[in-house]
Structure formats: C-alpha cells, structure tokens
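Participant: Here it is, the structure in full.
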Amino acid sequence: MQAVYGLYSDPSRAQRAFDSLRAAGVEEHGIAVVSSVPWEEYEFARRDRRTPMAWLAALGGLLGGVSGYLLAGLTQKAYPIPTGGMAINVPWTNGIITYELTMLGAILVTLITLLISAHIPDWTPRVYDPAVADGCILVGVVNPRHDSRVEIERSLREAGADSIKEANVTNRWRI
Amino acid sequence: MEKSPNQITEDLLRPLLRTSPKYYFAVALLAAVVVVAFAAFGYQAYSGLGVSGLRRPVFWGFYITNFVFWIGISHAGTLISAILRLANATWRRPVTRCAEVITVFALSIGAMFPVIHLGRPWLAFWLIPYPSERQIWPNFRSPLVWDFFAINTYLIGSVAFLTLPILPDWALVRDKASGWRKRVYGFLSLGWRGTPRQWSRLESAMHIMAIVIIPVAVSVHTIVSWDFAMAPVPMWHSTIFGPYFVAGAIFSGIAALILAMACLRKFLHLEDYLKPLHFDNLGKLLLMMSLLWFYFVFAERLTTWYGNEPSEMAVFWTTQQGAYAPLFWTMVFCNFLLPFPILAIKRLRTITGTVIASTAVVAGMWLERFLIIVPSLSHKFLPYNWGTYRPTWVEITIMVGTFAGMALLYALFAKAVPIISIWELKLGLHEKSEVRSQETEGRGKLAFGGQEKLET
C-alpha cells in the first residue's frame, strides 16, 4: 500500500490541501488526515462526526437496568433468605442495584462503541508520520491512482506543505 | 511567557524520560512503608481481628473510618473533572488528569478496607453473587452490597474516564521515545494515530462519560452514607446523611487535589502549568465547600439538640463536651475556622495558603469520619453497653501504609503517564491564539468602520 502525503504546520494550510485534493477529484473518504490535536473548527476534522454513540449508551443503560432488576429481583426469589416475614423483593433496595447497573451499562456500551467505531486497538500499518507528534498535520492520499499522482503532489505542494512524502505504509507502525 | 507546543511536549515528557536519584529514593521509602503495612495486615490475618482495637460495642473503627475517608477523597477527581469538562472551563486542562488519578487510586485503596476489616479476608468473594452449594445469596437489601455495586461502577467509569484521554498522549510518547519505551508506549497507545474519526469519537465518549459519571459519583458516597443511615444507631439514622457525605467527600477531595497539585508543581517543576490561578480557583471551590460543610454540621447538630432524644443526646454531648470533644473541636478548627479566613481573603489565597488550608481540611475530614463512626457506636441505646475504642499499632500501621501507598501509586503514575494532558493543553493554546486573532481582527474591523464613518 502506497501513500502520498503532505505535512502542514498550520491547520489552515491543511484545510487548503484538503480542499484542493477534493477539487482534484479525490473522494473525501480517500483523503487521510492525521493530527495531534482535534482541530474541530476545520472542515477536514469534522468528517465522521455523526455517531449513534449517545443512543447506544442509552440502550446500554436500558440493558444494564433490566439486568440489574433481574439480578436483584429474580435471584432473590430463587435463593430466598430468611427475612422474618418481611418482603424479599423490595423495589426500594432493588432500585439501587438497578440504578448502578443502568449507569454501568451506559459506561460499558460507550466504551465498546468508542473502541469499535474509532478502530482501537489497531496495530495494522496505516499512514502516519512521527512529525505529527511535533504538531504537524498529515494530509494525504492512500493508494492514489497512478495517473493522478502528479496532480495530488501538486495540490499538496500548492497548499503550502512543509514537506511532501511518499510512504510504503506496510513498513509503518508495526509493533 | 506562553510556551510553544514543542516546549509543552518537552516539559511534560521530561518526568517520563528522565529519572533523578531522588525519585528512586522516594519510591523506595514509600514502598518500604507499604511493605510494613502489608506485614501488619498479614499479622492480623494470621492472628485474627483480636489484634486490632475493635471490641464490643465498637466494631467499626479505623478501618471503616479510612474506608469512608478514601472513598470521599476519590470524589476529587472524576466528579470535579466531569463538571469542569461539561462546563467547558478552560482552566481545567492542567488539572483534570491530576484529579482523575486521585479518584482511581483513592477508590482502589478505599475498597480494600472492607476486606481488611473482614475477620477472614480470604472469604471476601462471598460478596459476589454466584450460585454455590452453600445456597447463600448476597442480601440485596444490605447497604454493603449496594457499596459493592456502586464502588465497582464508579471505579470502572473512572478508569475509563482517566484512560481514554491518555491514549493520544501515550501515542505522543511512542513517537518521542526510543528503545523499550517506544515498544511499550506503542502497545499502550493501542495504535492511536489521531484521525478525525478517532478524535470525534473520543470527544463524544468523554462527553457521555462526563454526563454519566456525575450521578454515579453522587450515588457512591450517598450509598456509603447509607451504610450508616440505614442502621438504627444514635445520630446515624438521618435523612441528611446522603448530601452531608457527598458534600464532605467533595470537600476533602478538592483539598487532596490541591495537595497533589502542589507536590507535582514542586517536584516535577510544573510551575508554568500549575499556576497560582489554578490554586486560586480551587481555593474558591474549597471555600464554598467549607461553608457548605459547616452548614450541614450545624443543621445536623441543631436538629439533634432540638429533638433532645436521650440516646442521641448522649452521643451529642460526648462529642461537644465529653471524651471526643477535643477531636470534635479540632475538626471544626481544621474544616472551618482555619480554612475560612485563609480562603476568603484574596491576599491569603495563595499557593501556600491553599496548601495550608487543604492540609487542615484533609486532617479535619478524617476526624469527621472517625467522629461519625466511633462516638455513635460507643454510645448506643443502653448505657450499660457503652464502651470505648482505642486503635492498636496494627490499625495505625495499615492506615499510614495506605497514605504511603497513595503517594507511591501517584509517583509511579507520574512516571508512566504525562500527569498533565498534553494534547488538551495544546488545544487550549490554539483556542487562545484563535480568540486573540479574532479580537485583533475585530479591532481592525472596528478601526476600519470608524475610518469609514469619518470619511462619510
């Protein structure tokens, strides 16, 4: 897998590169962007913002709550303890277990959704440059068409890239 | 002078990449204290609870005091961090991680105490509901089982809340380090690169977690208070205990956070990051909590005194004028009389001032936990059953060991993880420069508009 990318120390130049790549006919999802800070106010960083994470968290909460209620309610009946004639299944106290497991369900589902949707963990080779750690923003194209390569490099350079690099992605970030 | 992003990286990665002999000495010293505490616990496990000072009628002593104290301290982190995150308080950035770490470690230490308190700690797994031949099922009506669920939920949530924003910083260390560190941090960063998708998902997850974790944090200390309030023991069976404990927890938590920040600032040379502004803001919060704490104590005492119920008055007077009075008035001094003027007068609300106030508050809040538990148990309903409690060296050693353990865990953490979130600081730097450039632009436009007006 080959990649051509430019490194930009300024987010507005990275945005320009992103725009010119699109103008050059590169599809948006084919443009790789990597940064050390979430540049939320720039369009290049606002891709993929839509996520059902909140809804899934609510669903996780619901599932957690139901399992909490079942745990506290049904198992108490299955293993009744002597209560001196008092009710075994008490909604007040079961409510506490239900509440805690509702929250736990929401937390766990949020965590799982994050890991799956953000592709974490992922140690497979992807386009990356250690200069990102110095604050540079990487904008590039992975697997560009052979005939569009010159055009892509020109777009990246004209946008004001600090440097333009080519990389064989399979050699990067293998742990 | 404002630091550049590269200077921030260099400053905050320095403690991870370079280690001074002083650090090794401090870690060895703390570890030695922890080992001694473990030995004391081993001695107690071998000999039985008789080596502690727990005697009829006081069956909850130092261990449960420390349990409540450490769970309270844990409220410093995730709760405060989540509130500041949701409020988008920009000054929070250097503070949040220092705070969140306190939660995870204090909660873990606090959760150890019920096990230490068990006469036979190796049977602690009986608390976990599982079908066994004993046919014994945890009693879901017991507040101790509520504790199990609440503390574990808070611990899982807090670990996630702490760890997720660390991933980008671990990726940064991976890029900056070499040798074995590169491999270790490469593994720990879970392949984080910083794509727009990863950033956006991280932000969403942190937002949801912040919303969820606040009610969980409140519930944890409320449930700890219910360990007491559900029992018909004089001065325990009170509806005020939930909010009273939560307020006290946040109070002691903020104090612990200020102390931790002061230590980090001094020993890791983070003067440019943990600024007087942070201590000033946290000092204001501490002042507010001090007032709130005093309000709760006054409300509780007034209601008890007005009710004049004999069994409650026995506990009341023993803390006001009796054997526990010196501890009670020390607590009032530490939690209100000393911190109030220091924190209320702006000139005194310096780093030194907030550290003095916080030290007093931590000591005062420990005394408060002790005074909630021991005087009530030693003065129950029937006077012939009254007694006293004196901790033994075993309990004192274990307690000192947990303080050393907390410091040790914090020191080890600060060596493995940037104690201040680097990417969040850089983001703040960028936001600041954006605001500045917008202001300059606005001034330019204003000047241009003025010129236009003059011309017309």
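The way I read the labels, and the way they are meant: chains A, B, ... in the order of the structure tokens, residue 1 as the first residue of every chain, and ligand 1 as the first ligand shown, with later ones counted on from there.
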So that I can check the surroundings of region 345-361 of chain B, please list as a list of chain:residue names every protein, DNA and RNA residue that reaches within 8 Å of it, counting only C-alpha atoms and ignoring chain neighbours fewer than 4 positions away.

Facilitator: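 The contact residues come out as B:Phe251, B:Ser252, B:Ile254, B:Ala255, B:Ala256, B:Ile258, B:Leu259, B:Ala262, B:Pro276, B:Phe279, B:Asp280, B:Gly283, B:Cys334, B:Asn335, B:Leu338, B:Pro339, B:Pro341, B:Met365.
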
Participant: Produce a file of the selected residues containing N, CA and C atoms, as an mmCIF file, in the first residue's frame.

Facilitator:
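Final file, result.cif:
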```cif
data_model
loop_
_atom_site.group_PDB
_atom_site.id
_atom_site.type_symbol
_atom_site.label_atom_id
_atom_site.label_comp_id
_atom_site.auth_asym_id
_atom_site.auth_seq_id
_atom_site.Cartn_x
_atom_site.Cartn_y
_atom_site.Cartn_z
ATOM 1 N N PHE B 251 -15.535 18.093 49.452
ATOM 2 C CA PHE B 251 -14.693 18.995 50.259
ATOM 3 C C PHE B 251 -13.293 18.390 50.442
ATOM 4 N N SER B 252 -13.257 17.150 50.948
ATOM 5 C CA SER B 252 -11.950 16.528 51.192
ATOM 6 C C SER B 252 -11.248 16.235 49.872
ATOM 7 N N ILE B 254 -11.350 17.991 47.043
ATOM 8 C CA ILE B 254 -10.702 19.199 46.499
ATOM 9 C C ILE B 254 -9.412 19.484 47.272
ATOM 10 N N ALA B 255 -9.483 19.294 48.592
ATOM 11 C CA ALA B 255 -8.289 19.538 49.416
ATOM 12 C C ALA B 255 -7.159 18.596 48.989
ATOM 13 N N ALA B 256 -7.506 17.322 48.774
ATOM 14 C CA ALA B 256 -6.480 16.355 48.347
ATOM 15 C C ALA B 256 -5.918 16.741 46.986
ATOM 16 N N ILE B 258 -5.643 19.753 45.717
ATOM 17 C CA ILE B 258 -4.729 20.900 45.867
ATOM 18 C C ILE B 258 -3.369 20.420 46.383
ATOM 19 N N LEU B 259 -3.390 19.503 47.345
ATOM 20 C CA LEU B 259 -2.121 18.992 47.881
ATOM 21 C C LEU B 259 -1.331 18.239 46.807
ATOM 22 N N ALA B 262 0.141 20.696 44.376
ATOM 23 C CA ALA B 262 1.282 21.429 44.951
ATOM 24 C C ALA B 262 2.539 20.555 44.926
ATOM 25 N N PRO B 276 -0.703 29.844 39.878
ATOM 26 C CA PRO B 276 -1.477 30.356 41.019
ATOM 27 C C PRO B 276 -2.973 30.449 40.713
ATOM 28 N N PHE B 279 -4.745 27.270 41.701
ATOM 29 C CA PHE B 279 -4.883 27.147 43.158
ATOM 30 C C PHE B 279 -5.937 28.133 43.659
ATOM 31 N N ASP B 280 -5.961 29.304 43.036
ATOM 32 C CA ASP B 280 -6.946 30.314 43.427
ATOM 33 C C ASP B 280 -8.365 29.813 43.138
ATOM 34 N N GLY B 283 -9.166 27.017 45.364
ATOM 35 C CA GLY B 283 -9.331 27.585 46.698
ATOM 36 C C GLY B 283 -10.734 28.151 46.891
ATOM 37 N N CYS B 334 -10.120 22.685 61.898
ATOM 38 C CA CYS B 334 -9.454 22.298 60.637
ATOM 39 C C CYS B 334 -10.352 22.494 59.420
ATOM 40 N N ASN B 335 -11.634 22.253 59.583
ATOM 41 C CA ASN B 335 -12.521 22.280 58.413
ATOM 42 C C ASN B 335 -13.167 23.644 58.171
ATOM 43 N N LEU B 338 -10.007 27.533 60.439
ATOM 44 C CA LEU B 338 -8.718 27.846 59.804
ATOM 45 C C LEU B 338 -8.860 28.118 58.301
ATOM 46 N N PRO B 339 -9.504 27.209 57.549
ATOM 47 C CA PRO B 339 -9.545 27.460 56.099
ATOM 48 C C PRO B 339 -10.399 28.663 55.695
ATOM 49 N N PRO B 341 -10.916 31.877 56.868
ATOM 50 C CA PRO B 341 -10.256 33.173 56.625
ATOM 51 C C PRO B 341 -9.168 33.078 55.553
ATOM 52 N N MET B 365 -11.264 16.288 57.836
ATOM 53 C CA MET B 365 -12.263 15.373 57.269
ATOM 54 C C MET B 365 -12.023 13.934 57.716
#
```

Participant: Quick one: which region 166-221 of chain B residues come within 9 Å of region 231-249 of chain B, and what is the nearest atom pair for each with the distance in Å to one decimal, counting only C-alpha atoms, rows ordered by chain and ascending number, as a Markdown table?

Facilitator:
```
| residue | atom | partner | partner_atom | distance |
| --- | --- | --- | --- | --- |
| B:Ala217 | CA | B:Val246 | CA | 8.6 |
| B:Val218 | CA | B:Val246 | CA | 6.3 |
| B:Ser219 | CA | B:Val246 | CA | 8.5 |
| B:Val220 | CA | B:Val246 | CA | 8.5 |
| B:His221 | CA | B:Val246 | CA | 5.5 |
```

Participant: Can you list, as a ChimeraX atom specification, all residues belonging to region 72-173 of chain A that DSSP tags as strand (DSSP E)?

Facilitator: /A:137-142,163-168

Participant: Would you save the residues of that selection, restricted to C-alpha atoms, as a CSV table (one decimal), in the first residue's frame?

Facilitator:
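Dumped to out_10.csv:
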```csv
chain,number,residue,atom,x,y,z
A,137,ILE,CA,-1.0,17.8,10.3
A,138,LEU,CA,-0.8,15.0,7.8
A,139,VAL,CA,-3.0,15.3,4.7
A,140,GLY,CA,-2.6,12.7,2.0
A,141,VAL,CA,-4.0,10.0,-0.1
A,142,VAL,CA,-3.6,6.3,0.4
A,163,SER,CA,7.3,18.6,3.1
A,164,ILE,CA,5.8,16.0,0.8
A,165,LYS,CA,6.5,12.4,1.4
A,166,GLU,CA,5.8,9.1,-0.1
A,167,ALA,CA,5.5,6.1,2.1
A,168,ASN,CA,5.2,2.4,1.9
```

Participant: So that I can see what lies close to region 399-412 of chain B, please list as a VMD selection string the residues with an atom at most 7 Å from it, counting only C-alpha atoms and leaving out residues fewer than 2 positions away in the same chain.

Facilitator: chain B and resid 27 30 to 31 33 to 34 37 105 to 106 109 395 to 397 414 to 416

Participant: Would you save the residues of that selection, restricted to N, CA and C atoms, as a PDB file, in the first residue's frame?

Facilitator:
```pdb
ATOM      1  N   VAL B  27      10.548   6.626  46.046  1.00  0.00           N
ATOM      2  CA  VAL B  27       9.749   5.430  45.748  1.00  0.00           C
ATOM      3  C   VAL B  27      10.121   4.288  46.693  1.00  0.00           C
ATOM      4  N   LEU B  30       8.646   4.996  50.184  1.00  0.00           N
ATOM      5  CA  LEU B  30       7.193   4.773  50.220  1.00  0.00           C
ATOM      6  C   LEU B  30       6.880   3.275  50.127  1.00  0.00           C
ATOM      7  N   ALA B  31       7.611   2.589  49.256  1.00  0.00           N
ATOM      8  CA  ALA B  31       7.375   1.153  49.090  1.00  0.00           C
ATOM      9  C   ALA B  31       7.672   0.416  50.397  1.00  0.00           C
ATOM     10  N   VAL B  33       7.312   1.555  53.446  1.00  0.00           N
ATOM     11  CA  VAL B  33       6.170   1.772  54.364  1.00  0.00           C
ATOM     12  C   VAL B  33       5.009   0.865  53.970  1.00  0.00           C
ATOM     13  N   VAL B  34       4.771   0.753  52.663  1.00  0.00           N
ATOM     14  CA  VAL B  34       3.676  -0.100  52.183  1.00  0.00           C
ATOM     15  C   VAL B  34       3.934  -1.561  52.564  1.00  0.00           C
ATOM     16  N   ALA B  37       3.092  -2.073  56.084  1.00  0.00           N
ATOM     17  CA  ALA B  37       1.635  -2.121  56.263  1.00  0.00           C
ATOM     18  C   ALA B  37       1.087  -3.493  55.849  1.00  0.00           C
ATOM     19  N   PHE B 105      -7.017   5.816  42.285  1.00  0.00           N
ATOM     20  CA  PHE B 105      -6.205   5.231  43.352  1.00  0.00           C
ATOM     21  C   PHE B 105      -6.918   5.276  44.701  1.00  0.00           C
ATOM     22  N   ALA B 106      -7.556   6.406  44.993  1.00  0.00           N
ATOM     23  CA  ALA B 106      -8.227   6.517  46.300  1.00  0.00           C
ATOM     24  C   ALA B 106      -9.378   5.511  46.397  1.00  0.00           C
ATOM     25  N   ILE B 109      -7.910   2.089  47.007  1.00  0.00           N
ATOM     26  CA  ILE B 109      -7.449   1.952  48.398  1.00  0.00           C
ATOM     27  C   ILE B 109      -8.655   1.849  49.329  1.00  0.00           C
ATOM     28  N   GLU B 395      -3.645  -1.288  63.319  1.00  0.00           N
ATOM     29  CA  GLU B 395      -4.538  -0.394  62.562  1.00  0.00           C
ATOM     30  C   GLU B 395      -3.819   0.878  62.128  1.00  0.00           C
ATOM     31  N   ILE B 396      -3.001   1.404  63.033  1.00  0.00           N
ATOM     32  CA  ILE B 396      -2.284   2.652  62.703  1.00  0.00           C
ATOM     33  C   ILE B 396      -1.290   2.396  61.567  1.00  0.00           C
ATOM     34  N   THR B 397      -0.606   1.254  61.638  1.00  0.00           N
ATOM     35  CA  THR B 397       0.380   0.936  60.579  1.00  0.00           C
ATOM     36  C   THR B 397      -0.319   0.777  59.231  1.00  0.00           C
ATOM     37  N   ALA B 414       2.902   9.167  37.720  1.00  0.00           N
ATOM     38  CA  ALA B 414       3.509  10.363  37.119  1.00  0.00           C
ATOM     39  C   ALA B 414       4.757  10.014  36.319  1.00  0.00           C
ATOM     40  N   LYS B 415       5.303   8.843  36.565  1.00  0.00           N
ATOM     41  CA  LYS B 415       6.495   8.396  35.834  1.00  0.00           C
ATOM     42  C   LYS B 415       6.104   7.700  34.527  1.00  0.00           C
ATOM     43  N   ALA B 416       4.877   7.173  34.486  1.00  0.00           N
ATOM     44  CA  ALA B 416       4.469   6.385  33.317  1.00  0.00           C
ATOM     45  C   ALA B 416       3.567   7.171  32.371  1.00  0.00           C
TER      46      ALA B 416
END
```

Participant: Residues of chain B within 6 Å of chain A, using only C-alpha atoms, as a ChimeraX atom specification?

Facilitator: /B:141,150,153,172,175,190-191,194-201,423

Participant: Using CA of Ser155 (chain A) and CA of Gly25 (chain A) as the two end points, give the distance in Å to one decimal.

Facilitator: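 The value is 10.9 Å.
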
Participant: What's the 12 Å shell around Gly307 (chain B), counting only C-alpha atoms, without same-chain residues fewer than 6 positions away, as an mmCIF file with N, CA and C atoms, in the first residue's frame?

Facilitator:
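File produced: around-v9.cif:
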```cif
data_model
loop_
_atom_site.group_PDB
_atom_site.id
_atom_site.type_symbol
_atom_site.label_atom_id
_atom_site.label_comp_id
_atom_site.auth_asym_id
_atom_site.auth_seq_id
_atom_site.Cartn_x
_atom_site.Cartn_y
_atom_site.Cartn_z
ATOM 1 N N MET B 235 -27.689 9.099 66.075
ATOM 2 C CA MET B 235 -27.057 10.086 65.184
ATOM 3 C C MET B 235 -26.619 9.530 63.825
ATOM 4 N N GLU B 300 -27.254 19.449 61.285
ATOM 5 C CA GLU B 300 -27.339 18.141 61.931
ATOM 6 C C GLU B 300 -27.341 18.279 63.452
ATOM 7 N N ARG B 301 -26.445 19.106 63.950
ATOM 8 C CA ARG B 301 -26.326 19.270 65.409
ATOM 9 C C ARG B 301 -27.559 19.970 65.975
ATOM 10 N N MET B 313 -28.691 12.451 72.412
ATOM 11 C CA MET B 313 -28.026 13.491 73.200
ATOM 12 C C MET B 313 -26.762 12.955 73.879
ATOM 13 N N PHE B 316 -24.302 13.280 71.284
ATOM 14 C CA PHE B 316 -24.122 14.719 71.057
ATOM 15 C C PHE B 316 -23.169 15.313 72.101
#
```

Participant: Calculate how many Å separate CA of Asp162 (chain A) from CA of Leu12 (chain B), rounding to one decimal.

Facilitator: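 We find that CA of Asp162 (chain A) and CA of Leu12 (chain B) lie 25.9 Å from each other.
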
Participant: Considering only C-alpha atoms, return as a PDB file with all heavy atoms, in the first residue's frame whatever protein or nucleic-acid residues lie within 9 Å of Glu28 (chain A), sequence-local ones (same chain, fewer than 6 positions apart) excluded.

Facilitator:
```
ATOM      1  N   PHE A  18      -6.680  19.899   1.841  1.00  0.00           N
ATOM      2  CA  PHE A  18      -7.866  19.028   1.842  1.00  0.00           C
ATOM      3  C   PHE A  18      -8.826  19.464   0.724  1.00  0.00           C
ATOM      4  O   PHE A  18      -9.319  18.637  -0.049  1.00  0.00           O
ATOM      5  CB  PHE A  18      -8.544  19.147   3.215  1.00  0.00           C
ATOM      6  CG  PHE A  18      -9.697  18.242   3.435  1.00  0.00           C
ATOM      7  CD1 PHE A  18      -9.505  16.897   3.691  1.00  0.00           C
ATOM      8  CD2 PHE A  18     -11.002  18.728   3.393  1.00  0.00           C
ATOM      9  CE1 PHE A  18     -10.586  16.057   3.917  1.00  0.00           C
ATOM     10  CE2 PHE A  18     -12.077  17.894   3.612  1.00  0.00           C
ATOM     11  CZ  PHE A  18     -11.867  16.557   3.871  1.00  0.00           C
ATOM     12  N   LEU A  21      -7.342  18.722  -2.765  1.00  0.00           N
ATOM     13  CA  LEU A  21      -7.414  17.298  -3.116  1.00  0.00           C
ATOM     14  C   LEU A  21      -8.821  16.937  -3.586  1.00  0.00           C
ATOM     15  O   LEU A  21      -8.999  16.196  -4.547  1.00  0.00           O
ATOM     16  CB  LEU A  21      -7.030  16.432  -1.908  1.00  0.00           C
ATOM     17  CG  LEU A  21      -5.539  16.366  -1.569  1.00  0.00           C
ATOM     18  CD1 LEU A  21      -5.324  15.557  -0.302  1.00  0.00           C
ATOM     19  CD2 LEU A  21      -4.746  15.730  -2.707  1.00  0.00           C
ATOM     20  N   ARG A  22      -9.792  17.513  -2.909  1.00  0.00           N
ATOM     21  CA  ARG A  22     -11.179  17.242  -3.342  1.00  0.00           C
ATOM     22  C   ARG A  22     -11.419  17.820  -4.739  1.00  0.00           C
ATOM     23  O   ARG A  22     -12.043  17.201  -5.581  1.00  0.00           O
ATOM     24  CB  ARG A  22     -12.167  17.861  -2.349  1.00  0.00           C
ATOM     25  CG  ARG A  22     -12.413  16.948  -1.163  1.00  0.00           C
ATOM     26  CD  ARG A  22     -13.578  17.387  -0.378  1.00  0.00           C
ATOM     27  NE  ARG A  22     -13.447  18.790   0.047  1.00  0.00           N
ATOM     28  CZ  ARG A  22     -14.211  19.380   0.936  1.00  0.00           C
ATOM     29  NH1 ARG A  22     -15.204  18.717   1.481  1.00  0.00           N
ATOM     30  NH2 ARG A  22     -14.036  20.638   1.290  1.00  0.00           N
ATOM     31  N   ARG A  47     -15.122  15.510   9.589  1.00  0.00           N
ATOM     32  CA  ARG A  47     -15.687  14.319   8.936  1.00  0.00           C
ATOM     33  C   ARG A  47     -16.055  13.293   9.992  1.00  0.00           C
ATOM     34  O   ARG A  47     -15.488  13.307  11.082  1.00  0.00           O
ATOM     35  CB  ARG A  47     -14.647  13.702   7.992  1.00  0.00           C
ATOM     36  CG  ARG A  47     -14.329  14.549   6.810  1.00  0.00           C
ATOM     37  CD  ARG A  47     -13.372  13.818   5.920  1.00  0.00           C
ATOM     38  NE  ARG A  47     -12.156  13.422   6.622  1.00  0.00           N
ATOM     39  CZ  ARG A  47     -11.284  12.550   6.123  1.00  0.00           C
ATOM     40  NH1 ARG A  47     -11.515  11.974   4.983  1.00  0.00           N
ATOM     41  NH2 ARG A  47     -10.181  12.267   6.785  1.00  0.00           N
TER      42      ARG A  47
END
```

Participant: Within 7 Å of Ala161 (chain A), counting only C-alpha atoms, which residues qualify if same-chain residues fewer than 2 places away don't, as a PyMOL selection string?

Facilitator: chain A and resi 6-8+156-157+159+163-164

Participant: Could you pull out all residues of region 170-264 of chain B with a DSSP call of alpha helix (DSSP H) and give them as a PyMOL selection string?

Facilitator: chain B and resi 170-176+180-188+196-229+241-264

Participant: Smallest atom-to-atom distance to Pro144 (chain A): which of A:Leu59, A:Glu27, A:Arg16, A:Ala87, using only C-alpha atoms?

Facilitator: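 Looking at the shortest contact to Pro144 (chain A), the residue is A:Glu27.
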
Participant: List the neighbours of Ala177 (chain B) out to 10 Å using only C-alpha atoms; skip same-chain residues closer than 5 positions along the sequence, and give me the result as an MDAnalysis selection string.

Facilitator: chainID B and resid 13 16:17 171:172 182:186

Participant: Please compute the CA of Thr318 (chain B)-CA of Tyr389 (chain B) distance, one decimal, in Å.

Facilitator: 13.6 Å
